[in-house]
Structure formats: C-alpha cells, structure tokens
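Source file: model.txt. Holds: compact mmCIF, N, CA and C atoms.
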```txt
# COMPACT_ATOMS: atom_id res chain seq x y z
N MET A 193 -32.65 -62.70 4.05
CA MET A 193 -32.15 -62.26 5.33
C MET A 193 -33.19 -61.37 5.97
N LYS A 194 -33.52 -61.66 7.20
CA LYS A 194 -34.54 -60.88 7.89
C LYS A 194 -33.94 -59.63 8.53
N LYS A 195 -32.81 -59.76 9.22
CA LYS A 195 -32.17 -58.62 9.88
C LYS A 195 -30.67 -58.85 9.95
N LEU A 196 -29.94 -57.78 10.01
CA LEU A 196 -28.53 -57.82 10.31
C LEU A 196 -28.36 -57.06 11.61
N LEU A 197 -27.85 -57.72 12.65
CA LEU A 197 -27.75 -57.12 13.97
C LEU A 197 -26.29 -56.99 14.38
N PRO A 198 -25.72 -55.79 14.29
CA PRO A 198 -24.33 -55.62 14.70
C PRO A 198 -24.16 -55.96 16.18
N HIS A 199 -23.10 -56.67 16.51
CA HIS A 199 -22.77 -57.02 17.89
C HIS A 199 -21.47 -56.30 18.20
N ILE A 200 -21.56 -55.30 19.07
CA ILE A 200 -20.45 -54.40 19.33
C ILE A 200 -19.85 -54.70 20.69
N TYR A 201 -18.56 -55.04 20.71
CA TYR A 201 -17.84 -55.26 21.95
C TYR A 201 -17.12 -53.96 22.29
N ILE A 202 -17.40 -53.45 23.47
CA ILE A 202 -16.93 -52.11 23.80
C ILE A 202 -16.61 -52.01 25.29
N GLU A 203 -15.59 -51.26 25.62
CA GLU A 203 -15.26 -51.04 27.02
C GLU A 203 -16.30 -50.12 27.65
N ASN A 204 -16.53 -50.30 28.95
CA ASN A 204 -17.54 -49.50 29.67
C ASN A 204 -18.90 -49.60 28.96
N CYS A 205 -19.29 -50.82 28.68
CA CYS A 205 -20.48 -51.09 27.88
C CYS A 205 -21.74 -50.47 28.47
N ARG A 206 -21.96 -50.63 29.78
CA ARG A 206 -23.18 -50.12 30.40
C ARG A 206 -23.31 -48.61 30.15
N GLU A 207 -22.23 -47.89 30.37
CA GLU A 207 -22.22 -46.44 30.15
C GLU A 207 -22.49 -46.12 28.68
N ALA A 208 -21.84 -46.84 27.79
CA ALA A 208 -22.01 -46.59 26.36
C ALA A 208 -23.44 -46.86 25.90
N VAL A 209 -24.02 -47.97 26.33
CA VAL A 209 -25.39 -48.31 25.91
C VAL A 209 -26.37 -47.25 26.42
N GLU A 210 -26.18 -46.81 27.64
CA GLU A 210 -27.07 -45.77 28.18
C GLU A 210 -26.91 -44.46 27.41
N ARG A 211 -25.67 -44.13 27.02
CA ARG A 211 -25.44 -42.92 26.23
C ARG A 211 -26.10 -43.05 24.85
N TYR A 212 -25.95 -44.21 24.21
CA TYR A 212 -26.58 -44.41 22.90
C TYR A 212 -28.11 -44.36 23.01
N GLN A 213 -28.65 -44.84 24.11
CA GLN A 213 -30.09 -44.75 24.31
C GLN A 213 -30.52 -43.28 24.40
N GLN A 214 -29.74 -42.46 25.07
CA GLN A 214 -30.05 -41.02 25.15
C GLN A 214 -29.99 -40.38 23.76
N ILE A 215 -29.04 -40.81 22.96
CA ILE A 215 -28.87 -40.23 21.62
C ILE A 215 -29.96 -40.70 20.67
N PHE A 216 -30.20 -42.02 20.62
CA PHE A 216 -31.08 -42.61 19.62
C PHE A 216 -32.49 -42.88 20.11
N GLY A 217 -32.68 -42.88 21.44
CA GLY A 217 -33.97 -43.30 21.97
C GLY A 217 -34.03 -44.81 22.01
N GLY A 218 -35.22 -45.32 22.15
CA GLY A 218 -35.39 -46.76 22.18
C GLY A 218 -35.34 -47.33 23.58
N GLU A 219 -35.17 -48.63 23.64
CA GLU A 219 -35.26 -49.35 24.90
C GLU A 219 -34.10 -50.34 25.02
N ILE A 220 -33.48 -50.33 26.19
CA ILE A 220 -32.44 -51.32 26.48
C ILE A 220 -33.16 -52.59 26.94
N ARG A 221 -32.86 -53.70 26.28
CA ARG A 221 -33.51 -54.97 26.61
C ARG A 221 -32.46 -56.06 26.80
N ASN A 222 -32.87 -57.10 27.47
CA ASN A 222 -32.07 -58.32 27.64
C ASN A 222 -30.66 -58.03 28.15
N ALA A 223 -30.56 -57.04 29.03
CA ALA A 223 -29.26 -56.72 29.61
C ALA A 223 -28.92 -57.76 30.68
N GLN A 224 -27.78 -58.40 30.52
CA GLN A 224 -27.36 -59.43 31.46
C GLN A 224 -25.96 -59.12 31.96
N LEU A 225 -25.86 -58.97 33.26
CA LEU A 225 -24.58 -58.70 33.89
C LEU A 225 -23.81 -59.99 34.10
N SER A 226 -22.50 -59.85 34.20
CA SER A 226 -21.63 -60.99 34.43
C SER A 226 -21.65 -61.45 35.89
N ASP A 227 -22.26 -60.68 36.76
CA ASP A 227 -22.29 -60.97 38.19
C ASP A 227 -22.81 -62.38 38.46
N GLY A 228 -22.01 -63.14 39.20
CA GLY A 228 -22.42 -64.47 39.64
C GLY A 228 -22.39 -65.54 38.57
N ILE A 229 -21.86 -65.25 37.40
CA ILE A 229 -21.81 -66.25 36.33
C ILE A 229 -20.42 -66.86 36.30
N GLN A 230 -20.40 -68.18 36.35
CA GLN A 230 -19.13 -68.90 36.34
C GLN A 230 -18.32 -68.53 35.09
N GLY A 231 -17.05 -68.29 35.31
CA GLY A 231 -16.17 -67.92 34.21
C GLY A 231 -15.99 -66.41 34.09
N PHE A 232 -16.80 -65.65 34.79
CA PHE A 232 -16.71 -64.19 34.74
C PHE A 232 -16.32 -63.59 36.09
N GLU A 233 -15.72 -64.41 36.96
CA GLU A 233 -15.29 -63.92 38.25
C GLU A 233 -14.31 -62.76 38.05
N GLY A 234 -14.47 -61.71 38.85
CA GLY A 234 -13.62 -60.54 38.73
C GLY A 234 -14.09 -59.56 37.67
N GLN A 235 -15.18 -59.87 37.00
CA GLN A 235 -15.72 -59.00 35.94
C GLN A 235 -17.09 -58.44 36.33
N GLU A 236 -17.35 -58.40 37.63
CA GLU A 236 -18.66 -57.97 38.12
C GLU A 236 -19.01 -56.58 37.59
N GLY A 237 -20.28 -56.39 37.31
CA GLY A 237 -20.77 -55.11 36.83
C GLY A 237 -20.67 -54.91 35.33
N LYS A 238 -20.10 -55.87 34.62
CA LYS A 238 -19.98 -55.76 33.17
C LYS A 238 -21.12 -56.51 32.48
N TYR A 239 -21.49 -56.00 31.31
CA TYR A 239 -22.52 -56.66 30.51
C TYR A 239 -21.90 -57.80 29.70
N ILE A 240 -22.54 -58.97 29.77
CA ILE A 240 -22.18 -60.02 28.83
C ILE A 240 -23.09 -59.93 27.60
N HIS A 241 -24.19 -59.21 27.74
CA HIS A 241 -25.09 -58.97 26.61
C HIS A 241 -26.05 -57.84 26.97
N ALA A 242 -26.33 -56.98 26.02
CA ALA A 242 -27.36 -55.95 26.13
C ALA A 242 -27.80 -55.60 24.72
N GLU A 243 -29.05 -55.24 24.58
CA GLU A 243 -29.60 -54.87 23.28
C GLU A 243 -30.22 -53.49 23.37
N LEU A 244 -29.97 -52.66 22.36
CA LEU A 244 -30.65 -51.39 22.25
C LEU A 244 -31.60 -51.47 21.06
N HIS A 245 -32.89 -51.52 21.38
CA HIS A 245 -33.94 -51.60 20.36
C HIS A 245 -34.44 -50.19 20.09
N MET A 246 -34.01 -49.62 18.96
CA MET A 246 -34.43 -48.27 18.60
C MET A 246 -35.80 -48.31 17.92
N ASN A 247 -36.03 -49.34 17.15
CA ASN A 247 -37.34 -49.65 16.57
C ASN A 247 -37.25 -51.10 16.06
N ASP A 248 -38.27 -51.58 15.38
CA ASP A 248 -38.27 -52.98 14.95
C ASP A 248 -37.14 -53.32 13.98
N SER A 249 -36.66 -52.34 13.23
CA SER A 249 -35.63 -52.59 12.24
C SER A 249 -34.23 -52.21 12.69
N CYS A 250 -34.12 -51.47 13.77
CA CYS A 250 -32.82 -50.98 14.23
C CYS A 250 -32.53 -51.50 15.63
N VAL A 251 -31.68 -52.51 15.70
CA VAL A 251 -31.30 -53.11 16.98
C VAL A 251 -29.79 -53.29 16.98
N LEU A 252 -29.15 -52.85 18.05
CA LEU A 252 -27.72 -53.06 18.24
C LEU A 252 -27.51 -53.97 19.43
N TYR A 253 -26.64 -54.97 19.27
CA TYR A 253 -26.24 -55.83 20.38
C TYR A 253 -24.90 -55.30 20.91
N PHE A 254 -24.74 -55.36 22.22
CA PHE A 254 -23.52 -54.88 22.86
C PHE A 254 -23.04 -55.90 23.88
N ALA A 255 -21.75 -55.87 24.17
CA ALA A 255 -21.16 -56.62 25.28
C ALA A 255 -19.88 -55.91 25.69
N ASP A 256 -19.52 -56.07 26.96
CA ASP A 256 -18.25 -55.54 27.42
C ASP A 256 -17.11 -56.33 26.81
N VAL A 257 -15.94 -55.73 26.82
CA VAL A 257 -14.72 -56.39 26.34
C VAL A 257 -14.16 -57.22 27.49
N PHE A 258 -14.00 -58.51 27.28
CA PHE A 258 -13.48 -59.41 28.31
C PHE A 258 -12.11 -59.96 27.97
N ARG A 259 -11.58 -59.59 26.83
CA ARG A 259 -10.25 -60.04 26.43
C ARG A 259 -9.60 -58.88 25.67
N PRO A 260 -8.30 -58.89 25.56
CA PRO A 260 -7.65 -57.78 24.86
C PRO A 260 -8.12 -57.69 23.40
N VAL A 261 -8.44 -56.50 22.99
CA VAL A 261 -8.83 -56.25 21.60
C VAL A 261 -8.13 -55.00 21.12
N VAL A 262 -7.99 -54.89 19.83
CA VAL A 262 -7.46 -53.69 19.21
C VAL A 262 -8.62 -53.03 18.50
N GLN A 263 -8.89 -51.78 18.84
CA GLN A 263 -9.95 -51.09 18.15
C GLN A 263 -9.55 -50.89 16.71
N GLY A 264 -10.39 -51.38 15.81
CA GLY A 264 -10.09 -51.30 14.40
C GLY A 264 -10.87 -50.22 13.71
N THR A 265 -10.64 -50.10 12.44
CA THR A 265 -11.34 -49.10 11.64
C THR A 265 -12.09 -49.77 10.49
N SER A 266 -12.24 -51.07 10.55
CA SER A 266 -12.84 -51.77 9.42
C SER A 266 -14.36 -51.79 9.46
N ILE A 267 -14.95 -51.42 10.58
CA ILE A 267 -16.41 -51.40 10.66
C ILE A 267 -16.86 -50.02 11.09
N TRP A 268 -17.72 -49.42 10.29
CA TRP A 268 -18.35 -48.16 10.63
C TRP A 268 -19.85 -48.42 10.70
N LEU A 269 -20.52 -47.71 11.54
CA LEU A 269 -21.97 -47.81 11.64
C LEU A 269 -22.58 -46.64 10.89
N SER A 270 -23.52 -46.93 10.01
CA SER A 270 -24.14 -45.90 9.17
C SER A 270 -25.58 -45.67 9.58
N ILE A 271 -25.94 -44.41 9.66
CA ILE A 271 -27.30 -44.02 10.02
C ILE A 271 -27.85 -43.16 8.89
N GLU A 272 -29.03 -43.51 8.42
CA GLU A 272 -29.74 -42.64 7.48
C GLU A 272 -30.82 -41.93 8.28
N ALA A 273 -30.67 -40.63 8.43
CA ALA A 273 -31.60 -39.84 9.23
C ALA A 273 -32.89 -39.58 8.45
N GLU A 274 -33.94 -39.26 9.21
CA GLU A 274 -35.22 -38.97 8.59
C GLU A 274 -35.36 -37.50 8.23
N ASN A 275 -34.66 -36.62 8.97
CA ASN A 275 -34.76 -35.18 8.70
C ASN A 275 -33.52 -34.48 9.22
N ASP A 276 -33.39 -33.20 8.88
CA ASP A 276 -32.22 -32.43 9.25
C ASP A 276 -32.07 -32.29 10.77
N GLU A 277 -33.17 -32.10 11.45
CA GLU A 277 -33.13 -31.97 12.91
C GLU A 277 -32.55 -33.23 13.56
N GLU A 278 -33.02 -34.39 13.13
CA GLU A 278 -32.52 -35.65 13.67
C GLU A 278 -31.04 -35.83 13.33
N LEU A 279 -30.67 -35.52 12.10
CA LEU A 279 -29.28 -35.64 11.66
C LEU A 279 -28.36 -34.82 12.56
N ASN A 280 -28.68 -33.55 12.76
CA ASN A 280 -27.85 -32.67 13.57
C ASN A 280 -27.82 -33.10 15.03
N ARG A 281 -28.95 -33.49 15.59
CA ARG A 281 -29.01 -33.90 16.99
C ARG A 281 -28.12 -35.11 17.24
N ILE A 282 -28.23 -36.13 16.40
CA ILE A 282 -27.44 -37.35 16.58
C ILE A 282 -25.96 -37.07 16.35
N PHE A 283 -25.64 -36.34 15.29
CA PHE A 283 -24.25 -36.03 14.99
C PHE A 283 -23.59 -35.30 16.17
N ASN A 284 -24.25 -34.27 16.68
CA ASN A 284 -23.69 -33.48 17.77
C ASN A 284 -23.56 -34.30 19.05
N ALA A 285 -24.53 -35.17 19.32
CA ALA A 285 -24.46 -36.01 20.52
C ALA A 285 -23.30 -37.00 20.43
N LEU A 286 -23.11 -37.60 19.26
CA LEU A 286 -22.00 -38.54 19.08
C LEU A 286 -20.65 -37.82 19.14
N ALA A 287 -20.61 -36.59 18.66
CA ALA A 287 -19.36 -35.82 18.65
C ALA A 287 -18.96 -35.33 20.04
N ASP A 288 -19.92 -35.26 20.96
CA ASP A 288 -19.63 -34.79 22.32
C ASP A 288 -18.64 -35.74 22.99
N GLY A 289 -17.44 -35.27 23.21
CA GLY A 289 -16.39 -36.10 23.79
C GLY A 289 -15.69 -36.97 22.77
N GLY A 290 -16.09 -36.87 21.51
CA GLY A 290 -15.50 -37.66 20.45
C GLY A 290 -14.70 -36.78 19.50
N GLU A 291 -14.65 -37.20 18.24
CA GLU A 291 -13.85 -36.49 17.24
C GLU A 291 -14.59 -36.45 15.92
N VAL A 292 -14.87 -35.24 15.44
CA VAL A 292 -15.49 -35.07 14.12
C VAL A 292 -14.42 -35.35 13.08
N GLN A 293 -14.67 -36.33 12.24
CA GLN A 293 -13.71 -36.68 11.19
C GLN A 293 -14.08 -36.02 9.87
N MET A 294 -15.36 -35.74 9.69
CA MET A 294 -15.84 -34.98 8.53
C MET A 294 -17.10 -34.26 8.98
N PRO A 295 -17.10 -32.94 8.97
CA PRO A 295 -18.30 -32.22 9.41
C PRO A 295 -19.46 -32.49 8.46
N LEU A 296 -20.66 -32.30 8.97
CA LEU A 296 -21.83 -32.45 8.12
C LEU A 296 -21.75 -31.45 6.98
N GLU A 297 -21.90 -31.96 5.76
CA GLU A 297 -21.86 -31.07 4.59
C GLU A 297 -22.63 -31.71 3.45
N ASN A 298 -23.02 -30.87 2.50
CA ASN A 298 -23.70 -31.36 1.30
C ASN A 298 -22.69 -32.07 0.42
N THR A 299 -23.13 -33.17 -0.19
CA THR A 299 -22.22 -34.01 -0.97
C THR A 299 -22.61 -34.05 -2.44
N PHE A 300 -21.71 -34.58 -3.24
CA PHE A 300 -21.97 -34.73 -4.67
C PHE A 300 -23.03 -35.79 -4.97
N TRP A 301 -23.31 -36.69 -4.02
CA TRP A 301 -24.32 -37.72 -4.27
C TRP A 301 -25.70 -37.29 -3.80
N GLY A 302 -25.85 -36.02 -3.49
CA GLY A 302 -27.18 -35.49 -3.18
C GLY A 302 -27.63 -35.78 -1.76
N ALA A 303 -26.73 -35.69 -0.81
CA ALA A 303 -27.09 -35.93 0.58
C ALA A 303 -26.29 -34.98 1.47
N LYS A 304 -26.75 -34.83 2.69
CA LYS A 304 -25.96 -34.17 3.73
C LYS A 304 -25.32 -35.31 4.51
N TYR A 305 -24.00 -35.23 4.75
CA TYR A 305 -23.24 -36.38 5.23
C TYR A 305 -22.12 -35.90 6.15
N GLY A 306 -21.81 -36.71 7.16
CA GLY A 306 -20.68 -36.43 8.03
C GLY A 306 -20.22 -37.70 8.72
N ILE A 307 -19.01 -37.64 9.27
CA ILE A 307 -18.41 -38.79 9.96
C ILE A 307 -17.92 -38.32 11.32
N VAL A 308 -18.20 -39.12 12.35
CA VAL A 308 -17.75 -38.80 13.70
C VAL A 308 -17.31 -40.08 14.40
N LYS A 309 -16.20 -39.99 15.13
CA LYS A 309 -15.77 -41.09 16.00
C LYS A 309 -16.19 -40.69 17.41
N ASP A 310 -17.02 -41.51 18.05
CA ASP A 310 -17.53 -41.14 19.36
C ASP A 310 -16.51 -41.43 20.46
N ARG A 311 -16.83 -41.07 21.67
CA ARG A 311 -15.89 -41.21 22.79
C ARG A 311 -15.58 -42.66 23.12
N SER A 312 -16.36 -43.59 22.62
CA SER A 312 -16.09 -45.02 22.82
C SER A 312 -15.22 -45.60 21.72
N GLY A 313 -14.87 -44.79 20.73
CA GLY A 313 -14.00 -45.24 19.64
C GLY A 313 -14.74 -45.80 18.44
N LEU A 314 -16.08 -45.73 18.43
CA LEU A 314 -16.85 -46.21 17.28
C LEU A 314 -16.97 -45.09 16.25
N THR A 315 -16.86 -45.46 14.97
CA THR A 315 -17.00 -44.49 13.89
C THR A 315 -18.40 -44.61 13.31
N TRP A 316 -19.05 -43.46 13.17
CA TRP A 316 -20.42 -43.36 12.67
C TRP A 316 -20.45 -42.49 11.43
N GLU A 317 -21.15 -42.97 10.40
CA GLU A 317 -21.46 -42.17 9.21
C GLU A 317 -22.91 -41.75 9.34
N LEU A 318 -23.18 -40.48 9.14
CA LEU A 318 -24.56 -40.01 9.17
C LEU A 318 -24.89 -39.43 7.82
N ASN A 319 -26.06 -39.80 7.30
CA ASN A 319 -26.44 -39.45 5.94
C ASN A 319 -27.90 -39.03 5.92
N LEU A 320 -28.18 -37.96 5.21
CA LEU A 320 -29.56 -37.52 4.99
C LEU A 320 -29.73 -37.24 3.50
N PRO A 321 -30.40 -38.15 2.76
CA PRO A 321 -30.62 -37.92 1.34
C PRO A 321 -31.47 -36.68 1.12
N LYS A 322 -31.12 -35.92 0.08
CA LYS A 322 -31.91 -34.74 -0.28
C LYS A 322 -33.22 -35.20 -0.90
N GLN A 323 -34.26 -34.48 -0.60
CA GLN A 323 -35.58 -34.81 -1.15
C GLN A 323 -35.73 -34.18 -2.53
N GLY A 324 -36.18 -34.99 -3.48
CA GLY A 324 -36.48 -34.73 -4.83
C GLY A 324 -36.20 -33.47 -5.45
```

What's the structure tokens form of this structure?
Amino acid sequence: MKKLLPHIYIENCREAVERYQQIFGGEIRNAQLSDGIQGFEGQEGKYIHAELHMNDSCVLYFADVFRPVVQGTSIWLSIEAENDEELNRIFNALADGGEVQMPLENTFWGAKYGIVKDRSGLTWELNLPKQG
C-alpha cells in the first residue's frame, strides 16, 4: 500500500478545510465546487472535492455533505507530532470552538497524548512519543 487517504464528508466543508489549513499548514489542492455541475443544483458553493496536502505523506480528502448523515464515533484521526510546540499548537487550535475529551497528559506508554473533538465534529488523537 502506497498511501491511505482519509476522505472526510463534512458540513461547511470550505470553512473546515481552510481552518485545517491554518492549523496544519499545507496547501489546498484540487478544490472543485458544485457550481454548474448537473445533479448538484441548489448546492452552489459547496465542495464536491478538496484536498489538503500537508506534506507528501499527509493528505486529507474532503467533500461537503450532500445527503443526510449521522456523525459517528467510529473513525478518529490520529496525529503524531514532531515536538511539544507542534503538539500544543495543533491541540489548542482544534479545541478552539470544540471539546477537549482528554487533556494532553503523559501516558503509561511513554507519550504525551490527548483527544479533542473539533467544532466540525471530528475527533482527533494527538500523540508525541517521548524521546529515549
């Protein structure tokens, strides 16, 4: 397997992708609006596809929700941070307007770890392994 690319369907996709870009950096690519596409009448201004390329190995696909969905809890997105500064910055940005489910704390498996549900309803695990 070369890559696993999560495809996230989310309400207010354009706003969410721009917020994630502010948090994680990277570049929004291949953003395609529903405007003028047959079958998407009345859905103008929504993304049918957008990609956030944080680096070559970290890419998230997004699309607006076009049918009723129930936000579930079966998928969490996990981030392994490179350092404490990055861990805290991302955690705090995701928590802004969201809900901290587990504050960042040292764990028994030798990492600093926390869980946050962001304002879009996505649950994120953040992990920073302790160095040697």

Select from segment 199-231 of chain A every residue with an atom at most 8 Å from any atom of segment 293-312 of chain A, then for each give the shortest pair of atoms and their distance in Å to one decimal, using all atoms listed in the file, rows by chain and rising number, as a tab-separated table.
```
residue	atom	partner	partner_atom	distance
A:Ile202	CA	A:Ser312	C	7.0
A:Glu203	N	A:Ser312	CA	6.9
A:Ala208	CA	A:Ser312	CA	7.1
```

| Could you pull out all residues of chain A with a DSSP call of strand (DSSP E or B) and give them as an MDAnalysis selection string? | chainID A and resid 199:202 219:225 239:245 251:256 269:272 291:298 303:309 315:321

| Neighbour list for Ala273 of chain A as JSON, numbers by chain, cut-off 10 Å, only C-alpha atoms, skip fewer than 5 positions in-chain | {"A": [278, 279, 280, 282, 304, 305, 318, 319, 320, 321]}

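Atom CA of Val251 of chain A to atom C of Leu196 of chain A spans 7.3 Å [interatomic distance, one decimal].
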
| remark: Pairwise distance, atom CA of Ile229 of chain A with atom CA of Leu244 of chain A, equals 22.3 Å
